[in-house]
file entry_17.txt (compact mmCIF, C-alpha atoms)
# COMPACT_ATOMS: atom_id res chain seq x y z
CA MET A 1 -87.36 -52.69 59.38
CA SER A 2 -89.50 -50.13 57.64
CA ARG A 3 -88.03 -46.90 56.35
CA THR A 4 -89.60 -43.46 56.62
CA THR A 5 -89.31 -42.87 52.90
CA PRO A 6 -91.38 -40.34 50.96
CA GLY A 7 -92.63 -41.87 47.70
CA ARG A 8 -90.45 -41.10 44.73
CA ARG A 9 -89.94 -41.93 41.10
CA ARG A 10 -87.09 -41.00 38.80
CA ARG A 11 -87.49 -39.78 35.27
CA LEU A 12 -85.46 -37.77 32.84
CA ASP A 13 -86.13 -34.09 33.46
CA ILE A 14 -87.78 -32.62 30.33
CA THR A 15 -85.97 -29.30 30.68
CA THR A 16 -82.63 -31.11 30.75
CA VAL A 17 -83.52 -32.95 27.54
CA LEU A 18 -84.65 -29.74 25.87
CA GLY A 19 -81.51 -27.90 26.97
CA LEU A 20 -79.15 -30.58 25.68
CA GLY A 21 -81.06 -30.95 22.41
CA LEU A 22 -81.25 -27.21 21.80
CA SER A 23 -77.57 -26.60 22.46
CA LEU A 24 -76.42 -29.50 20.23
CA GLY A 25 -78.87 -28.51 17.49
CA LEU A 26 -77.68 -24.90 17.45
CA ILE A 27 -74.05 -26.00 17.28
CA VAL A 28 -74.75 -28.21 14.27
CA ALA A 29 -76.95 -25.56 12.61
CA GLY A 30 -74.30 -22.86 13.00
CA HIS A 31 -71.65 -25.16 11.55
CA VAL A 32 -73.83 -26.03 8.55
CA LEU A 33 -74.75 -22.38 7.90
CA GLU A 34 -71.05 -21.57 7.65
CA GLY A 35 -70.69 -24.16 4.88
CA GLY A 36 -69.48 -27.05 6.98
CA LYS A 37 -70.76 -30.59 6.98
CA ALA A 38 -72.52 -32.02 9.98
CA GLN A 39 -70.46 -35.23 9.71
CA SER A 40 -67.23 -33.28 10.24
CA LEU A 41 -68.29 -32.47 13.81
CA TRP A 42 -67.75 -36.07 14.81
CA GLN A 43 -64.28 -37.51 14.47
CA GLY A 44 -63.46 -40.52 16.61
CA ALA A 45 -59.74 -39.85 17.01
CA ALA A 46 -60.30 -36.20 17.91
CA ALA A 47 -63.00 -37.17 20.40
CA LEU A 48 -60.67 -39.63 22.14
CA ILE A 49 -57.96 -36.99 22.42
CA VAL A 50 -60.27 -34.28 23.75
CA PHE A 51 -62.39 -36.35 26.15
CA GLY A 52 -59.59 -38.71 27.16
CA GLY A 53 -57.25 -35.82 27.89
CA THR A 54 -59.96 -34.01 29.84
CA LEU A 55 -60.76 -37.09 31.93
CA GLY A 56 -57.07 -37.67 32.63
CA ALA A 57 -56.60 -34.06 33.74
CA VAL A 58 -59.62 -34.36 36.05
CA LEU A 59 -58.33 -37.56 37.64
CA VAL A 60 -54.91 -35.99 38.23
CA SER A 61 -56.36 -32.79 39.70
CA PHE A 62 -59.07 -34.21 41.98
CA SER A 63 -59.45 -37.04 44.47
CA PHE A 64 -61.54 -40.11 43.75
CA ALA A 65 -64.19 -38.94 46.22
CA GLU A 66 -64.49 -35.58 44.44
CA VAL A 67 -64.76 -37.22 41.02
CA ARG A 68 -67.38 -39.64 42.33
CA GLN A 69 -69.35 -36.73 43.78
CA ALA A 70 -69.25 -34.95 40.43
CA PHE A 71 -70.71 -37.98 38.62
CA LEU A 72 -73.41 -38.30 41.27
CA ALA A 73 -74.26 -34.64 40.75
CA LEU A 74 -74.49 -35.28 37.00
CA LYS A 75 -76.87 -38.13 37.71
CA HIS A 76 -79.12 -35.77 39.68
CA VAL A 77 -78.97 -33.21 36.88
CA LEU A 78 -80.05 -35.71 34.23
CA LEU A 79 -82.51 -37.67 36.34
CA GLU A 80 -85.15 -35.69 38.14
CA ASP A 81 -85.84 -37.02 41.62
CA ARG A 82 -89.61 -36.81 41.84
CA ARG A 83 -91.09 -37.02 45.32
CA SER A 84 -94.73 -37.12 46.15
CA ASN A 85 -95.55 -33.97 48.12
CA ASP A 86 -98.25 -35.83 50.02
CA ASP A 87 -95.84 -38.57 51.08
CA MET A 88 -93.25 -35.99 52.16
CA LEU A 89 -95.81 -34.08 54.25
CA ASN A 90 -97.08 -37.31 55.78
CA ALA A 91 -93.53 -38.32 56.79
CA ILE A 92 -92.90 -34.92 58.40
CA ASN A 93 -96.26 -35.09 60.17
CA ARG A 94 -95.52 -38.56 61.58
CA LEU A 95 -92.15 -37.40 62.91
CA ALA A 96 -93.67 -34.25 64.42
CA ILE A 97 -96.36 -36.25 66.24
CA LYS A 98 -93.77 -38.67 67.61
CA ALA A 99 -91.54 -35.81 68.79
CA ARG A 100 -94.46 -34.12 70.53
CA LYS A 101 -95.63 -37.28 72.28
CA GLU A 102 -92.31 -38.98 73.10
CA GLY A 103 -89.72 -36.19 72.95
CA ILE A 104 -87.45 -35.13 70.14
CA MET A 105 -84.63 -37.45 71.15
CA ARG A 106 -86.90 -40.43 70.39
CA LEU A 107 -86.30 -39.61 66.74
CA GLU A 108 -82.70 -40.90 66.88
CA ASP A 109 -83.71 -44.28 65.43
CA ASP A 110 -85.74 -42.56 62.72
CA ALA A 111 -82.69 -40.54 61.70
CA GLU A 112 -81.02 -43.81 60.67
CA ARG A 113 -84.03 -45.01 58.69
CA VAL A 114 -85.10 -41.81 56.92
CA ASP A 115 -84.11 -42.06 53.28
CA ASP A 116 -84.64 -38.39 52.46
CA LEU A 117 -81.30 -36.58 52.85
CA PHE A 118 -82.86 -33.29 53.96
CA LEU A 119 -84.92 -34.92 56.70
CA ARG A 120 -82.08 -37.18 57.82
CA ARG A 121 -79.65 -34.29 58.26
CA GLY A 122 -82.27 -32.26 60.10
CA LEU A 123 -82.94 -35.08 62.57
CA ALA A 124 -79.21 -35.58 63.15
CA LEU A 125 -78.99 -31.99 64.42
CA ALA A 126 -81.54 -32.56 67.17
CA VAL A 127 -80.25 -32.08 70.72
CA ASP A 128 -81.91 -33.09 73.98
CA GLY A 129 -82.98 -29.75 75.46
CA ALA A 130 -83.62 -31.47 78.80
CA THR A 131 -79.92 -32.31 79.26
CA PRO A 132 -79.12 -31.30 82.88
CA LEU A 133 -76.48 -28.71 83.76
CA ILE A 134 -75.48 -27.01 87.00
CA GLY A 135 -76.11 -23.28 87.33
CA LYS A 136 -75.84 -20.80 90.17
CA ARG A 137 -79.29 -21.83 91.45
CA GLY A 138 -78.77 -25.56 91.06
CA THR A 139 -79.80 -27.96 88.31
CA VAL A 140 -81.04 -26.43 85.06
CA THR A 141 -81.49 -27.72 81.52
CA LEU A 142 -79.95 -26.75 78.21
CA LEU A 143 -83.26 -25.10 77.36
CA ASP A 144 -82.90 -22.86 80.44
CA VAL A 145 -79.48 -21.71 79.22
CA PHE A 146 -81.17 -20.04 76.22
CA GLU A 147 -82.76 -17.54 78.65
CA GLU A 148 -85.86 -17.61 76.40
CA ARG A 149 -83.89 -16.44 73.34
CA ARG A 150 -83.94 -18.32 70.06
CA LEU A 151 -80.17 -18.75 69.63
CA LEU A 152 -77.38 -19.87 71.92
CA ILE A 153 -73.59 -19.77 71.62
CA ALA A 154 -71.97 -22.11 74.14
CA TYR A 155 -68.27 -22.28 74.88
CA TYR A 156 -67.18 -25.56 76.48
CA PHE A 157 -64.41 -24.64 78.92
CA MET A 158 -61.67 -27.19 79.68
CA TRP A 159 -61.23 -27.79 83.40
CA HIS A 160 -58.48 -29.46 85.44
CA SER A 161 -60.24 -30.52 88.65
CA GLY A 162 -58.35 -29.94 91.86
CA ARG A 163 -55.59 -27.92 90.23
CA PRO A 164 -54.81 -24.30 91.18
CA ALA A 165 -55.68 -21.32 88.99
CA ALA A 166 -52.16 -21.13 87.56
CA GLU A 167 -52.59 -24.62 86.07
CA GLN A 168 -55.97 -24.07 84.44
CA CYS A 169 -56.27 -23.99 80.66
CA GLU A 170 -54.39 -21.02 79.23
CA GLY A 171 -56.25 -21.26 75.90
CA CYS A 172 -59.74 -21.21 77.43
CA THR A 173 -58.64 -18.36 79.69
CA PHE A 174 -57.18 -16.44 76.74
CA PHE A 175 -60.35 -16.70 74.65
CA THR A 176 -62.91 -16.32 77.44
CA THR A 177 -61.21 -13.16 78.72
CA GLN A 178 -62.11 -11.49 75.43
CA VAL A 179 -65.85 -12.12 75.80
CA ARG A 180 -67.20 -9.10 77.65
CA GLU A 181 -70.15 -7.00 76.50
CA LEU A 182 -73.02 -9.22 75.35
CA SER A 183 -75.72 -6.64 74.61
CA ALA A 184 -75.12 -6.75 70.84
CA LEU A 185 -75.73 -10.51 70.88
CA HIS A 186 -78.81 -10.13 73.07
CA ALA A 187 -80.23 -7.52 70.70
CA ARG A 188 -80.17 -10.18 67.99
CA ASP A 189 -81.88 -12.81 70.14
CA VAL A 190 -78.61 -14.63 70.95
CA THR A 191 -77.48 -15.83 74.38
CA TYR A 192 -73.83 -16.50 75.12
CA ALA A 193 -72.87 -18.90 77.92
CA THR A 194 -69.85 -20.83 79.18
CA ILE A 195 -70.28 -24.51 80.04
CA CYS A 196 -67.42 -25.75 82.22
CA GLN A 197 -66.43 -29.37 81.81
CA GLY A 198 -65.82 -29.89 85.51
CA SER A 199 -66.68 -28.68 88.98
CA HIS A 200 -69.20 -25.84 89.04
CA GLU A 201 -68.07 -24.71 92.49
CA GLU A 202 -64.37 -24.54 91.62
CA SER A 203 -64.87 -23.05 88.18
CA LEU A 204 -67.28 -20.42 89.50
CA ARG A 205 -64.50 -19.22 91.81
CA TYR A 206 -62.23 -19.08 88.79
CA ARG A 207 -64.84 -17.00 86.97
CA HIS A 208 -64.91 -14.59 89.92
CA PHE A 209 -61.11 -14.45 90.07
CA MET A 210 -60.96 -13.56 86.36
CA GLY A 211 -63.71 -10.96 86.65
CA TRP A 212 -65.90 -12.59 84.01
CA GLU A 213 -69.62 -11.88 83.97
CA MET A 214 -71.04 -14.16 81.26
CA PRO A 215 -73.56 -16.85 82.29
CA TRP A 216 -71.67 -19.82 83.72
CA TYR A 217 -72.71 -23.46 83.96
CA ALA A 218 -71.06 -26.83 84.51
CA ALA A 219 -71.77 -30.23 82.98
CA ASP A 220 -70.93 -33.69 84.30
CA LYS A 221 -69.64 -36.50 82.10
CA THR A 222 -73.09 -37.89 81.32
CA SER A 223 -74.34 -34.54 80.06
CA LEU A 224 -71.12 -33.90 78.15
CA ASP A 225 -71.40 -37.28 76.43
CA THR A 226 -74.87 -36.22 75.30
CA LEU A 227 -74.01 -32.69 74.19
CA LEU A 228 -70.65 -33.52 72.61
CA VAL A 229 -71.54 -36.97 71.29
CA GLY A 230 -68.90 -38.28 68.90
CA ARG A 231 -66.42 -35.58 69.90
CA HIS A 232 -63.51 -35.27 72.32
CA VAL A 233 -64.93 -34.41 75.75
CA GLY A 234 -62.48 -32.39 77.82
CA MET A 235 -61.22 -30.21 74.97
CA MET A 236 -62.31 -26.66 74.06
CA HIS A 237 -65.43 -26.52 71.88
CA LEU A 238 -67.60 -23.72 70.50
CA VAL A 239 -71.17 -24.78 69.67
CA CYS A 240 -74.19 -22.87 68.35
CA TYR A 241 -77.76 -23.96 69.01
CA PHE A 242 -81.18 -23.00 67.65
CA ARG A 243 -84.38 -23.30 69.68
CA GLN A 244 -87.84 -23.80 68.24
CA GLY A 245 -90.23 -23.97 71.15
CA SER A 246 -88.91 -26.77 73.36
CA ASN A 247 -86.94 -28.37 70.52
CA VAL A 248 -83.21 -27.66 70.29
CA PHE A 249 -80.96 -28.12 67.26
CA GLU A 250 -77.18 -27.84 66.95
CA THR A 251 -76.31 -25.63 63.97
CA TYR A 252 -72.53 -25.13 64.26
CA TRP A 253 -69.53 -26.68 65.97
CA THR A 254 -65.80 -26.10 66.03
CA TRP A 255 -62.98 -26.92 68.42
CA MET A 256 -59.31 -26.31 69.19
CA ARG A 257 -57.93 -23.62 66.85
CA GLY A 258 -61.43 -23.08 65.48
CA VAL A 259 -62.44 -21.26 68.66
CA GLU A 260 -60.20 -18.37 67.58
CA ALA A 261 -63.50 -17.01 66.25
CA MET A 262 -63.85 -15.58 69.80
CA ASP A 263 -60.49 -13.83 69.63
CA ASN A 264 -59.60 -10.20 68.97
CA ASN A 265 -55.95 -10.14 70.07
CA TYR A 266 -54.64 -12.41 67.31
CA ARG A 267 -56.68 -10.56 64.71
CA LEU A 268 -55.12 -7.27 65.80
CA LEU A 269 -51.63 -8.75 66.02
CA ASP A 270 -52.00 -10.02 62.45
CA LEU A 271 -52.26 -6.39 61.34
CA THR A 272 -48.92 -5.41 62.86
CA ALA A 273 -45.48 -5.59 61.25
CA TYR A 274 -44.30 -8.50 63.43
CA GLY A 275 -47.60 -10.43 63.38
CA ARG A 276 -48.16 -12.86 66.24
CA GLN A 277 -44.42 -13.20 66.93
CA GLU A 278 -44.76 -16.98 67.15
CA GLU A 279 -42.19 -19.55 66.01
CA TRP A 280 -44.41 -21.14 63.37
CA GLU A 281 -44.63 -17.90 61.37
CA ASP A 282 -42.41 -17.54 58.32
CA SER A 283 -40.79 -14.29 59.45
CA PRO A 284 -37.52 -12.68 58.29
CA SER A 285 -34.39 -13.40 60.28
CA GLY A 286 -34.05 -11.16 63.33
CA TRP A 287 -37.78 -10.62 63.87
CA PRO A 288 -39.07 -11.40 67.40
CA GLN A 289 -40.51 -14.93 67.61
CA ARG A 290 -40.32 -15.85 71.28
CA TRP A 291 -43.75 -17.47 71.58
CA SER A 292 -44.46 -21.17 71.02
CA GLY A 293 -46.62 -24.00 72.36
CA LYS A 294 -48.57 -23.37 75.56
CA GLN A 295 -46.27 -20.47 76.39
CA ARG A 296 -47.99 -18.48 73.65
CA MET A 297 -50.70 -17.72 76.19
CA ARG A 298 -48.66 -17.85 79.40
CA THR A 299 -46.37 -15.41 81.18
CA ASP A 300 -44.14 -16.40 84.11
CA GLY A 301 -45.83 -19.73 84.65
CA ARG A 302 -49.51 -18.85 84.46
CA PRO A 303 -52.13 -17.74 81.90
CA THR A 304 -51.16 -14.20 80.91
CA SER A 305 -54.54 -12.62 81.61
CA GLN A 306 -54.40 -13.75 85.26
CA TRP A 307 -51.64 -11.27 86.14
CA PRO A 308 -53.74 -8.07 86.07
CA ARG A 309 -56.22 -9.73 88.46
CA LEU A 310 -53.45 -10.74 90.86
CA LYS A 311 -51.96 -7.24 90.77
CA ALA A 312 -55.42 -5.89 91.60
CA GLY A 313 -55.37 -8.00 94.75
CA VAL A 314 -57.99 -10.59 93.71
CA SER A 315 -57.54 -14.01 95.29
CA ASP A 316 -56.96 -16.93 92.91
CA ARG A 317 -57.91 -19.57 95.50
CA LEU A 318 -60.30 -22.11 93.98
CA ARG A 319 -60.89 -24.37 96.99
CA ALA A 320 -63.35 -23.61 99.77
CA ASP A 321 -60.84 -24.48 102.54
call {"tool": "encode", "arguments": {"input": "entry_17.txt", "output": "structure tokens"}}
result
Amino acid sequence: MSRTTPGRRRRLDITTVLGLGLSLGLIVAGHVLEGGKAQSLWQGAAALIVFGGTLGAVLVSFSFAEVRQAFLALKHVLLEDRRSNDDMLNAINRLAIKARKEGIMRLEDDAERVDDLFLRRGLALAVDGATPLIGKRGTVTLLDVFEERRLLIAYYFMWHSGRPAAEQCEGCTFFTTQVRELSALHARDVTYATICQGSHEESLRYRHFMGWEMPWYAADKTSLDTLLVGRHVGMMHLVCYFRQGSNVFETYWTWMRGVEAMDNNYRLLDLTAYGRQEEWEDSPSGWPQRWSGKQRMRTDGRPTSQWPRLKAGVSDRLRAD
């Protein structure tokens, strides 16, 4: 199997050689000018103590993987990785032609064969923009969700099919409730959208019950397996995408507690004397800490932010019958 490998050759970088030689030469020269002897700078026993002690301290303080990475970095510092610009441009051109003719997702096999780290990581971020989703007007694609903007933030909403509103995800409800005015994002060429991991019809009723206005879509298992490949489908995810023409790239992903990036309530509570008032916090004895587990985001058996909607008389029925 051939590899898409730009031509390269390794050689010792001349500036590295000059830098090492100059620094060592100046050290010796300064020592000699002060009346010392050059030979006194090298003492085997002292060198073993200094370098051995340093190496031991490094091994104690860092993991094997971190030490290995440091030596690899030293290798790149001392040995210049010379790539032929023509070969690099030819490799990029071949990949671009293939993407244009066959679609960007046809580059998946190339991502495994590309030897250049920069190119390989770039190809791994490619997403199939034609992945189907369900919107209010029927089937759409991930590209459509961008609404012609360059950037997209997508929240993947957990969904419990067939269950009533009170049993829907309290975490997704807690975070999504805080996403309201989107004009600041739009002004910076960013679209925000929710992608429900379940029934579009049911979840759209939930959106109406909660009074949310952000764009709302649903994805079936096939589409979720494509968009969340290698990750836990059915959990809360926050993903950022970048669009270049019809090509889509994933640029950021987090899940679970990472989606607190959407939250304002916790950030404000952290500024108060009692903090979040949750059991995990190391608070003084006698401070309120009544919140724990799922109940952190629930009140009287349902997601807390549902209660104002119920008191306003909005129906929480999710089924058509």
call {"tool": "closest_residue", "arguments": {"input": "entry_17.txt", "among": "A:Asp128, A:Asp189, A:Glu202, A:Glu278", "to": "A:Arg149", "atoms": "all atoms listed in the file"}}
result
A:Asp189
call {"tool": "atom_distance", "arguments": {"input": "entry_17.txt", "atom1": "atom CA of A:Arg120", "atom2": "atom CA of A:Ala91"}}
result
11.6 Å
call {"tool": "residues_near_point", "arguments": {"input": "entry_17.txt", "point": "(-47.2, -22.6, 74.9)", "cutoff": "12 Å", "atoms": "all atoms listed in the file", "output": "JSON, numbers by chain"}}
result
{"A": [169, 170, 171, 174, 278, 279, 280, 290, 291, 292, 293, 294, 295, 296, 297, 298, 299, 300, 301, 302, 303, 304]}
call {"tool": "closest_residue", "arguments": {"input": "entry_17.txt", "among": "A:Ser223, A:Ser63, A:Thr16, A:Gln168", "to": "A:Val140", "atoms": "all atoms listed in the file"}}
result
A:Ser223
call {"tool": "closest_residue", "arguments": {"input": "entry_17.txt", "among": "A:Thr141, A:Ser285, A:Thr251, A:Gln277", "to": "A:Ile195", "atoms": "only C-alpha atoms"}}
result
A:Thr141
call {"tool": "closest_residue", "arguments": {"input": "entry_17.txt", "among": "A:Arg150, A:Lys136, A:Arg68, A:Arg106", "to": "A:Val248", "atoms": "all atoms listed in the file"}}
result
A:Arg150
call {"tool": "residues_around", "arguments": {"input": "entry_17.txt", "residues": "A:Gly138", "least_positions_apart": "3", "cutoff": "12 Å", "atoms": "all atoms listed in the file", "output": "PyMOL selection string"}}
result
chain A and resi 132-135+141+144+200-201+216-219
call {"tool": "atom_distance", "arguments": {"input": "entry_17.txt", "atom1": "atom CA of A:Ala184", "atom2": "atom CA of A:Glu148"}}
result
16.3 Å
call {"tool": "closest_residue", "arguments": {"input": "entry_17.txt", "among": "A:Asn265, A:Thr272, A:Ser246, A:Thr191", "to": "A:Phe175", "atoms": "only C-alpha atoms"}}
result
A:Asn265
call {"tool": "axis_aligned_box", "arguments": {"input": "entry_17.txt", "around": "stretch 272-278 of chain A", "padding_each_side": "3 Å", "output": "JSON"}}
result
{"center_x": -46.6, "center_y": -11.2, "center_z": 64.2, "size_x": 10.6, "size_y": 17.6, "size_z": 11.9}
call {"tool": "atom_distance", "arguments": {"input": "entry_17.txt", "atom1": "atom CA of A:Ser199", "atom2": "atom CA of A:Met236"}}
result
15.7 Å
call {"tool": "closest_residue", "arguments": {"input": "entry_17.txt", "among": "A:Ser315, A:Thr254, A:Thr54, A:Thr222", "to": "A:Met235", "atoms": "all atoms listed in the file"}}
result
A:Thr254
call {"tool": "closest_atom_pairs", "arguments": {"input": "entry_17.txt", "of": "stretch 153-226 of chain A", "to": "stretch 306-309 of chain A", "cutoff": "8 Å", "atoms": "only C-alpha atoms", "output": "tab-separated table"}}
result
residue	atom	partner	partner_atom	distance
A:Phe209	CA	A:Arg309	CA	7.0
A:Met210	CA	A:Arg309	CA	6.4
A:Gly211	CA	A:Arg309	CA	7.8
